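K.L.:
Sending over start.cif (mmCIF, C-alpha atoms).
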data_data
#
loop_
_atom_site.label_atom_id
_atom_site.label_comp_id
_atom_site.auth_asym_id
_atom_site.auth_seq_id
_atom_site.Cartn_x
_atom_site.Cartn_y
_atom_site.Cartn_z
CA MET A 1 -7.80 28.46 7.90
CA LYS A 2 -6.91 26.11 5.12
CA LEU A 3 -7.77 22.47 4.66
CA ARG A 4 -5.12 19.85 4.46
CA PHE A 5 -6.11 16.30 3.67
CA ILE A 6 -4.31 13.72 5.77
CA PHE A 7 -4.59 10.33 4.21
CA LEU A 8 -4.44 7.18 6.28
CA PRO A 9 -1.93 6.25 7.38
CA ALA A 10 0.16 9.41 7.16
CA VAL A 11 1.69 8.48 3.85
CA ILE A 12 1.34 10.36 0.56
CA LEU A 13 -0.09 8.08 -2.11
CA THR A 14 1.46 9.23 -5.39
CA THR A 15 -0.19 8.54 -8.74
CA PHE A 16 2.25 8.21 -11.60
CA LEU A 17 0.84 9.47 -14.89
CA ARG A 18 2.38 8.07 -18.00
CA ALA A 19 1.88 9.82 -21.31
CA GLY A 20 3.11 8.51 -24.63
CA PHE A 21 4.84 10.82 -27.08
CA SER A 22 5.49 10.16 -30.74
CA ALA A 23 9.10 10.12 -31.83
CA VAL A 24 9.63 13.25 -33.91
CA PRO A 25 12.78 13.72 -36.01
CA PRO A 26 14.65 16.90 -35.20
CA ALA A 27 14.75 17.95 -38.86
CA PRO A 28 12.59 21.02 -39.69
CA LEU A 29 9.13 20.15 -41.01
CA VAL A 30 7.49 21.55 -44.12
CA PRO A 31 4.85 24.20 -43.21
CA PRO A 32 1.28 22.84 -43.54
CA SER A 33 0.19 25.23 -46.28
CA LYS A 34 3.28 24.75 -48.46
CA GLY A 35 3.56 20.98 -48.10
CA PHE A 36 -0.12 20.36 -48.70
CA GLU A 37 -0.11 22.46 -51.86
CA THR A 38 3.08 20.96 -53.29
CA ALA A 39 3.04 17.32 -52.10
CA VAL A 40 -0.56 16.26 -51.50
CA LYS A 41 -2.92 18.25 -53.71
CA PRO A 42 -1.14 17.43 -57.01
CA MET A 43 -1.33 13.71 -56.27
CA ILE A 44 -5.03 13.92 -55.35
CA THR A 45 -5.77 15.84 -58.57
CA GLU A 46 -3.87 13.47 -60.84
CA TYR A 47 -4.32 10.05 -59.24
CA CYS A 48 -7.14 10.08 -56.63
CA ALA A 49 -9.96 12.48 -57.47
CA GLY A 50 -11.10 10.47 -60.47
CA CYS A 51 -12.54 7.76 -58.19
CA HIS A 52 -12.74 9.42 -54.78
CA ASN A 53 -15.13 12.25 -55.51
CA PRO A 54 -18.72 13.01 -54.48
CA LYS A 55 -20.12 11.33 -57.59
CA GLU A 56 -18.09 8.11 -57.78
CA PHE A 57 -17.42 7.93 -54.02
CA LYS A 58 -15.32 4.77 -54.32
CA GLY A 59 -14.57 3.16 -50.98
CA ASP A 60 -16.93 5.65 -49.31
CA LEU A 61 -14.14 8.18 -49.62
CA ASP A 62 -14.20 11.69 -51.09
CA LEU A 63 -10.73 13.20 -51.46
CA GLU A 64 -11.72 15.79 -54.04
CA ARG A 65 -13.21 18.02 -51.36
CA PHE A 66 -9.75 18.59 -49.87
CA LEU A 67 -8.65 20.42 -53.05
CA THR A 68 -10.51 23.49 -51.84
CA ARG A 69 -9.20 23.36 -48.27
CA SER A 70 -6.01 24.50 -46.61
CA GLY A 71 -3.53 22.06 -45.15
CA SER A 72 -4.51 22.89 -41.56
CA ALA A 73 -8.20 22.37 -42.27
CA ALA A 74 -7.55 19.10 -44.09
CA LEU A 75 -5.51 17.72 -41.20
CA GLU A 76 -8.55 17.93 -38.92
CA GLU A 77 -9.78 14.65 -40.42
CA ARG A 78 -7.05 12.42 -39.05
CA GLU A 79 -8.75 9.08 -39.61
CA THR A 80 -9.14 9.81 -43.32
CA TRP A 81 -5.48 10.68 -43.78
CA ALA A 82 -4.36 7.72 -41.70
CA LEU A 83 -6.25 5.50 -44.15
CA VAL A 84 -4.71 7.30 -47.13
CA VAL A 85 -1.17 6.86 -45.80
CA ARG A 86 -1.78 3.20 -45.01
CA LYS A 87 -3.07 2.51 -48.53
CA LEU A 88 -0.23 4.46 -50.17
CA ARG A 89 2.48 2.75 -48.11
CA ALA A 90 1.04 -0.68 -48.90
CA GLY A 91 0.81 0.12 -52.63
CA GLU A 92 -2.93 -0.65 -52.62
CA MET A 93 -3.91 2.73 -54.04
CA PRO A 94 -4.25 3.52 -56.78
CA PRO A 95 -5.43 -0.05 -57.44
CA ASP A 96 -3.91 -2.36 -60.05
CA GLY A 97 -4.92 -1.33 -63.52
CA LYS A 98 -4.83 2.35 -62.68
CA ARG A 99 -1.92 4.68 -63.31
CA LYS A 100 0.25 4.90 -60.19
CA PRO A 101 2.29 7.87 -59.01
CA PRO A 102 6.08 7.61 -58.81
CA GLY A 103 7.49 6.27 -55.58
CA GLU A 104 9.12 9.61 -54.78
CA GLN A 105 5.76 11.37 -54.99
CA VAL A 106 4.08 8.78 -52.77
CA ALA A 107 6.87 9.05 -50.21
CA ALA A 108 6.73 12.85 -50.20
CA ALA A 109 2.97 12.93 -49.61
CA ALA A 110 2.99 10.20 -46.94
CA GLU A 111 5.96 11.69 -45.08
CA TRP A 112 4.39 15.15 -45.06
CA ILE A 113 1.16 13.79 -43.56
CA GLU A 114 2.99 11.74 -40.92
CA GLN A 115 5.30 14.61 -39.97
CA GLN A 116 2.42 17.04 -39.58
CA TYR A 117 0.59 14.72 -37.19
CA ALA A 118 3.81 14.05 -35.29
CA LEU A 119 4.24 17.78 -34.86
CA LEU A 120 0.64 18.19 -33.71
CA ASP A 121 1.08 15.37 -31.17
CA ARG A 122 4.28 16.89 -29.83
CA ASN A 123 2.72 20.32 -29.32
CA ALA A 124 -0.58 19.05 -27.96
CA LYS A 125 -1.25 19.39 -24.22
CA PRO A 126 -1.81 15.84 -22.94
CA ASN A 127 -4.96 15.16 -20.94
CA PRO A 128 -3.97 13.01 -17.96
CA GLY A 129 -7.59 12.36 -17.11
CA ARG A 130 -9.14 12.34 -13.67
CA VAL A 131 -6.95 11.44 -10.71
CA THR A 132 -8.75 9.41 -8.08
CA ALA A 133 -7.98 9.94 -4.40
CA HIS A 134 -6.87 6.38 -3.64
CA ARG A 135 -7.42 5.06 -0.15
CA LEU A 136 -5.75 1.92 1.17
CA ASN A 137 -7.60 -1.36 1.16
CA ARG A 138 -7.57 -3.55 4.26
CA TYR A 139 -4.45 -5.50 3.36
CA GLU A 140 -2.56 -2.36 2.40
CA TYR A 141 -3.60 -0.69 5.66
CA ASN A 142 -2.31 -3.54 7.82
CA ASN A 143 0.91 -3.82 5.84
CA THR A 144 1.52 -0.08 5.96
CA VAL A 145 1.08 0.06 9.74
CA ARG A 146 3.48 -2.85 10.06
CA ASP A 147 6.10 -1.41 7.71
CA LEU A 148 6.00 2.14 9.07
CA LEU A 149 5.63 1.52 12.78
CA ASP A 150 6.62 -2.11 13.39
CA VAL A 151 3.16 -2.71 14.85
CA ASN A 152 2.18 -6.11 13.52
CA LEU A 153 -1.52 -6.16 14.39
CA ARG A 154 -4.39 -6.54 11.94
CA PHE A 155 -6.36 -3.41 12.74
CA ALA A 156 -8.13 -3.35 9.37
CA ASP A 157 -9.71 -6.79 9.79
CA ASP A 158 -12.62 -5.00 11.47
CA PHE A 159 -13.17 -2.74 8.44
CA PRO A 160 -16.01 -3.39 5.96
CA ALA A 161 -15.06 -5.61 3.05
CA ASP A 162 -13.38 -3.78 0.17
CA ALA A 163 -15.26 -3.56 -3.11
CA TYR A 164 -13.82 -5.35 -6.13
CA GLY A 165 -13.33 -3.79 -9.54
CA TYR A 166 -12.08 -5.67 -12.60
CA GLY A 167 -11.21 -8.59 -10.33
CA PHE A 168 -9.04 -6.53 -7.94
CA ASP A 169 -9.68 -4.97 -4.55
CA ASN A 170 -7.23 -2.07 -4.91
CA ILE A 171 -8.92 -0.08 -7.70
CA GLY A 172 -9.21 3.53 -6.54
CA ASP A 173 -12.44 4.21 -8.43
CA VAL A 174 -14.36 1.57 -6.46
CA LEU A 175 -12.73 2.05 -3.04
CA SER A 176 -15.30 4.42 -1.59
CA LEU A 177 -15.24 5.98 1.88
CA SER A 178 -18.49 5.29 3.70
CA PRO A 179 -19.50 6.81 7.07
CA LEU A 180 -19.08 3.38 8.66
CA LEU A 181 -15.54 3.02 7.31
CA THR A 182 -14.69 6.54 8.47
CA GLU A 183 -15.79 5.61 11.99
CA LYS A 184 -13.68 2.45 11.82
CA TYR A 185 -10.68 4.53 10.73
CA LEU A 186 -11.03 6.80 13.74
CA LYS A 187 -11.18 3.87 16.14
CA ALA A 188 -8.28 2.12 14.40
CA ALA A 189 -6.18 5.30 14.61
CA GLU A 190 -6.49 5.30 18.39
CA ARG A 191 -5.61 1.61 18.56
CA VAL A 192 -2.59 2.14 16.30
CA ALA A 193 -1.38 5.02 18.48
CA LYS A 194 -1.78 3.05 21.71
CA ALA A 195 0.06 0.08 20.24
CA ALA A 196 2.87 2.18 18.78
CA ILE A 197 3.32 4.46 21.80
CA PRO A 198 2.03 2.47 24.78
CA THR A 199 1.31 4.53 27.89
CA GLY A 200 -0.22 3.72 31.22
CA PRO A 201 -0.26 0.27 32.81
CA MET A 202 0.87 -2.89 31.09
CA GLU A 203 -1.61 -5.08 29.21
CA LYS A 204 -3.99 -6.97 31.46
CA VAL A 205 -3.68 -10.74 31.70
CA LEU A 206 -6.57 -12.19 29.76
CA ALA A 207 -7.76 -15.60 28.57
CA VAL A 208 -8.85 -16.14 24.98
CA ARG A 209 -10.76 -19.32 24.18
CA TYR A 210 -11.22 -20.99 20.80
CA GLU A 211 -13.83 -23.76 20.50
CA THR A 212 -13.01 -26.29 17.80
CA GLU A 213 -16.71 -26.77 17.08
CA GLU A 214 -17.06 -23.07 16.23
CA MET A 215 -13.87 -23.30 14.17
CA GLY A 216 -15.31 -26.14 12.07
CA GLN A 217 -12.66 -28.56 13.38
CA GLN A 218 -14.72 -30.50 15.92
CA PHE A 219 -13.64 -34.03 15.02
CA HIS A 220 -10.06 -33.34 13.98
CA MET A 221 -6.98 -34.72 15.67
CA HIS A 222 -5.09 -31.68 14.33
CA VAL A 223 -6.61 -28.23 14.96
CA GLN A 224 -5.27 -24.74 14.32
CA THR A 225 -6.12 -21.06 14.52
CA THR A 226 -4.42 -17.70 14.05
CA HIS A 227 -4.33 -15.37 17.04
CA ASP A 228 -3.26 -11.72 17.28
CA PHE A 229 -0.94 -11.40 20.25
CA PRO A 230 -1.15 -7.80 21.54
CA VAL A 231 2.43 -7.34 22.79
CA ASP A 232 5.82 -8.99 22.98
CA ALA A 233 5.53 -11.15 26.10
CA CYS A 234 5.27 -14.67 27.51
CA TYR A 235 2.01 -16.58 27.16
CA ASN A 236 0.58 -19.86 28.43
CA LEU A 237 -1.15 -22.19 25.99
CA ARG A 238 -3.75 -24.82 26.87
CA VAL A 239 -5.37 -27.51 24.69
CA GLY A 240 -8.17 -29.57 26.18
CA TRP A 241 -10.45 -32.46 25.21
CA GLU A 242 -13.57 -34.01 26.71
CA GLN A 243 -13.11 -37.71 26.02
CA GLY A 244 -12.15 -39.98 28.96
CA PHE A 245 -10.12 -43.19 28.54
CA GLN A 246 -9.41 -46.46 30.25
CA GLY A 247 -6.48 -46.34 32.63
CA GLY A 248 -3.15 -46.99 30.95
CA THR A 249 -4.17 -45.55 27.58
CA LEU A 250 -1.14 -44.12 25.79
CA MET A 251 -1.14 -40.95 23.68
CA THR A 252 1.05 -37.97 22.81
CA GLY A 253 0.06 -34.33 22.66
CA HIS A 254 1.78 -31.67 20.56
CA ILE A 255 1.47 -27.88 20.53
CA TYR A 256 3.03 -25.81 17.75
CA MET A 257 3.54 -22.09 17.39
CA ASP A 258 4.21 -20.95 13.84
CA LYS A 259 5.03 -24.54 12.86
CA LYS A 260 7.62 -24.81 15.65
CA GLU A 261 6.90 -27.41 18.32
CA VAL A 262 6.68 -25.91 21.81
CA LEU A 263 5.28 -28.98 23.57
CA ASN A 264 5.73 -32.73 23.06
CA LEU A 265 3.92 -34.48 25.92
CA PRO A 266 3.64 -38.28 26.27
CA ILE A 267 0.49 -39.09 28.25
CA VAL A 268 -0.36 -42.22 30.21
CA TRP A 269 -4.00 -41.98 31.16
CA LYS A 270 -4.63 -42.49 34.86
CA GLY A 271 -8.38 -42.16 34.90
CA MET A 272 -9.04 -39.10 37.09
CA GLN A 273 -6.86 -36.34 35.71
CA ASP A 274 -7.00 -33.01 33.89
CA ARG A 275 -8.06 -33.54 30.31
CA ALA A 276 -5.69 -30.93 28.95
CA MET A 277 -2.05 -30.19 28.16
CA TYR A 278 -0.15 -26.96 28.77
CA ALA A 279 2.77 -25.12 27.20
CA THR A 280 3.82 -22.43 29.66
CA ASN A 281 6.00 -19.35 29.60
CA ILE A 282 6.30 -19.27 25.79
CA PHE A 283 7.71 -15.99 24.48
CA ILE A 284 5.69 -14.75 21.50
CA SER A 285 6.21 -11.51 19.60
CA GLN A 286 3.43 -9.06 18.85
CA GLY A 287 1.23 -9.86 15.89
CA PRO A 288 -0.66 -12.75 14.28
CA HIS A 289 0.75 -16.21 14.94
CA LEU A 290 -0.41 -19.69 13.97
CA LEU A 291 -1.32 -21.89 16.94
CA GLU A 292 -1.69 -25.64 16.28
CA ALA A 293 -2.42 -28.70 18.41
CA GLN A 294 -2.27 -32.37 17.52
CA MET A 295 -3.11 -35.55 19.42
CA GLU A 296 -1.64 -38.96 18.58
CA MET A 297 -2.79 -42.30 19.90
CA ALA A 298 -0.26 -45.08 20.44
CA PRO A 299 -0.74 -48.25 18.33
CA GLU A 300 -3.62 -50.49 19.43
CA SER A 301 -1.14 -53.22 20.34
CA GLN A 302 0.11 -50.96 23.16
CA GLN A 303 -3.32 -49.95 24.44
CA PRO A 304 -5.19 -51.64 27.31
CA ARG A 305 -8.27 -51.82 25.13
CA ALA A 306 -8.62 -51.69 21.37
CA LYS A 307 -10.80 -49.27 19.43
CA GLN A 308 -10.98 -46.46 21.93
CA PRO A 309 -12.42 -43.12 20.74
CA PRO A 310 -9.74 -40.61 19.73
CA PRO A 311 -8.98 -37.61 21.97
CA TYR A 312 -10.29 -34.91 19.64
CA PRO A 313 -9.18 -31.46 20.88
CA THR A 314 -12.23 -29.40 21.79
CA VAL A 315 -10.72 -26.15 23.06
CA MET A 316 -7.58 -24.03 22.64
CA GLU A 317 -6.87 -21.31 25.19
CA ILE A 318 -4.29 -18.53 25.41
CA PHE A 319 -3.43 -16.84 28.71
CA GLY A 320 -1.36 -13.70 28.99
CA PRO A 321 0.59 -11.59 28.54
CA PHE A 322 3.16 -12.24 31.27
CA ASN A 323 6.59 -10.62 31.63
CA GLN A 324 5.75 -8.06 29.00
CA VAL A 325 8.71 -6.47 27.21
CA PRO A 326 9.17 -2.87 28.48
CA ARG A 327 7.75 -0.35 26.06
CA GLU A 328 11.15 1.30 25.59
CA GLN A 329 12.47 -1.97 24.17
CA THR A 330 9.71 -2.61 21.64
CA ALA A 331 10.46 -2.32 17.93
CA SER A 332 7.73 0.30 17.37
CA TYR A 333 9.00 2.52 20.21
CA LYS A 334 12.56 2.39 18.88
CA ARG A 335 11.40 3.19 15.35
CA ILE A 336 9.36 6.23 16.39
CA PHE A 337 11.84 7.59 18.94
CA PHE A 338 14.92 6.77 16.88
CA LYS A 339 16.86 9.64 18.46
CA GLY A 340 16.19 8.45 21.97
CA PRO A 341 13.25 8.54 24.38
CA PRO A 342 11.09 11.67 24.58
CA PRO A 343 11.83 14.22 27.33
CA GLN A 344 10.38 13.62 30.75
CA ASN A 345 8.06 16.60 30.38
CA ALA A 346 6.59 15.35 27.10
CA SER A 347 2.85 15.77 26.68
CA PRO A 348 0.82 12.89 28.13
CA ASN A 349 -1.51 13.31 25.15
CA MET A 350 1.18 12.21 22.71
CA PRO A 351 -0.71 9.07 21.59
CA ALA A 352 -3.83 11.16 20.97
CA LYS A 353 -1.88 13.63 18.83
CA PHE A 354 -0.23 10.76 17.03
CA SER A 355 -3.57 9.07 16.32
CA ALA A 356 -4.90 12.26 14.73
CA ARG A 357 -2.34 11.84 11.97
CA TRP A 358 -3.77 8.43 11.18
CA ARG A 359 -7.23 9.70 10.38
CA ILE A 360 -8.70 10.66 7.07
CA GLY A 361 -9.48 14.40 6.73
CA PRO A 362 -10.33 17.03 5.92
CA ILE A 363 -8.77 18.43 9.09
CA ALA A 364 -8.67 22.13 9.74
CA GLY A 365 -5.17 23.47 10.18
CA PRO A 366 -3.42 26.79 10.49
#
The structure given in the file should be rewritten as C-alpha cells.
P.N.:
Amino acid sequence: MKLRFIFLPAVILTTFLRAGFSAVPPAPLVPPSKGFETAVKPMITEYCAGCHNPKEFKGDLDLERFLTRSGSAALEERETWALVVRKLRAGEMPPDGKRKPPGEQVAAAAEWIEQQYALLDRNAKPNPGRVTAHRLNRYEYNNTVRDLLDVNLRFADDFPADAYGYGFDNIGDVLSLSPLLTEKYLKAAERVAKAAIPTGPMEKVLAVRYETEEMGQQFHMHVQTTHDFPVDACYNLRVGWEQGFQGGTLMTGHIYMDKKEVLNLPIVWKGMQDRAMYATNIFISQGPHLLEAQMEMAPESQQPRAKQPPPYPTVMEIFGPFNQVPREQTASYKRIFFKGPPPQNASPNMPAKFSARWRIGPIAGP
C-alpha cells in the first residue's frame, strides 16, 4: 500500500520556486590561489596593511591577516571582501593623502574578487526552503468548484473562517487543517458530488423565508438578499408587508432578480386583500443570485389620505424549484460527461466515488 495525497478539490496546487542567479561571463576565471597571490596580496601588502592591521585596526578592519591565508580561505569572509571592493571601486580607499594604487591594479583585484564570488554562486546548490502544502481558502474552494464543474454553489461558506497572515487569507503557512474543517470538507465533497452528478428524484419544492427584521432592513422601502438557488429551474417569488391602508391608496411594487426587473405591479388598495405581491414562474439558474424588492407610494396628491405609513416590506419568500432542467441538460453534467452520458449499467455509487476525490487525504491506494 502506498499513500497518495488527494488535495481538495482534485487539482494539483503547484508551487513555483524562483531562484536568482548571478550573471557570470563565459570567459575563464583566474584560479583562486593564483589570482589571490598575484592580484590581491601585493596590493594589501603595499597599500592596505599599514592601516588595516591588528595594531592600527583602522575602520575595525584587519586585512593583514589575509596575507597568511590561501585564496579559498580568504573568500570565506564575503562581507569583508564586499566592503573592500565597494571602497576600491568608489576610490575611497586608500583615503586622500595616502599613496593610491594604479587603476589597473585596483581593477585587477576587484574583478578577481567579484569573479570568484560569481563562480561560487553559480556552482552553489540553491536552497529553495520549505514548501508548504497549500490548501484552498473558502473563496478559492467555491471558485474552483465553479470553474471545474460548473456547479455555482457556495459550499465553502459553511467552513470555518480562514486565518489571515500579512493581511491576506491565502498564505499557505497560516491555512491550517483542523479536525472541524476536515469534517466540513467531507460533507462538502458529498454535496459537490450530488450537485455535479444528480441522481435519484428531483429537488423537492421548498419555501425559503427571509425576514427583513433579521436582515437589518426592517424599515426600508428597498430590501435585498442573496440566495443560493440549488438547480436550474423556475421559482416563485413573494414579497409581503404588514401595514394596512385606506381604500384607494396607490402604490407600486417591484421585484428584481440580479438587477433585472421581473415584476412591476401597480396596486390600488381595496381594504381586505393579500398584503403581498408575487412574481411567478421565473427561470433562475443554479447558484447565488441577488433578490431585491422595492415599494413606491404614489404622490400624496393622488392618495385618499395624506401622510399614510409606508408599506415597508417585512418578508421575502422563495418557492421552488418547479420545472427543473433535466440533469442531462445541466452544464455540470455536460462538462463531466463530455463524451456522452454514462452507460446504462454504470455504478449507482458514481457520486460517492466522485466525492471521494474531493476529500483531503491521506487515502490508502494500491
K.L.:
Assuming the chain letters and numbering stay as they are in my file, what does the PyMOL selection byres ((chain A and resi 46) around 12) actually select? List them as an MDAnalysis selection string.
P.N.:
chainID A and resid 39:45 47:52 63:64 67 94 98:102 105
K.L.:
What does the distance from atom CA of Thr225 of chain A to atom CA of Lys307 of chain A come to in Å, to one decimal?
P.N.:
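It comes out at 29.0 Å.
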K.L.:
For the provided coordinates, the residues matched by the PyMOL selection byres ((chain A and resi 283-297) around 8) should be stated as a PyMOL selection string.
P.N.:
chain A and resi 151-154+221-235+239+250-259+281-282+298-299+310-313
K.L.:
Taking the file as I've supplied it (selection: the PyMOL selection byres ((chain A and resi 163) around 10)), which residues are included? Please answer as a list in words.
P.N.:
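So the PyMOL selection byres ((chain A and resi 163) around 10) ends up selecting Asn137, Pro160, Ala161, Asp162, Tyr164, Gly165, Gly167, Phe168, Asp169, Asn170, Ile171, Gly172, Asp173, Val174, Leu175 and Ser176 of chain A.
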K.L.:
Could you tell me how far atom CA of Arg275 of chain A sits from atom CA of Val205 of chain A, in Å to one decimal place?
P.N.:
23.3 Å
K.L.:
Would you please work out which residue, of A:Ala188, A:Ala110, A:Gly247, A:Asn323, is nearest to Asn142 of chain A when using all atoms listed in the file?
P.N.:
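For Asn142 of chain A, the nearest of the given residues is A:Ala188.
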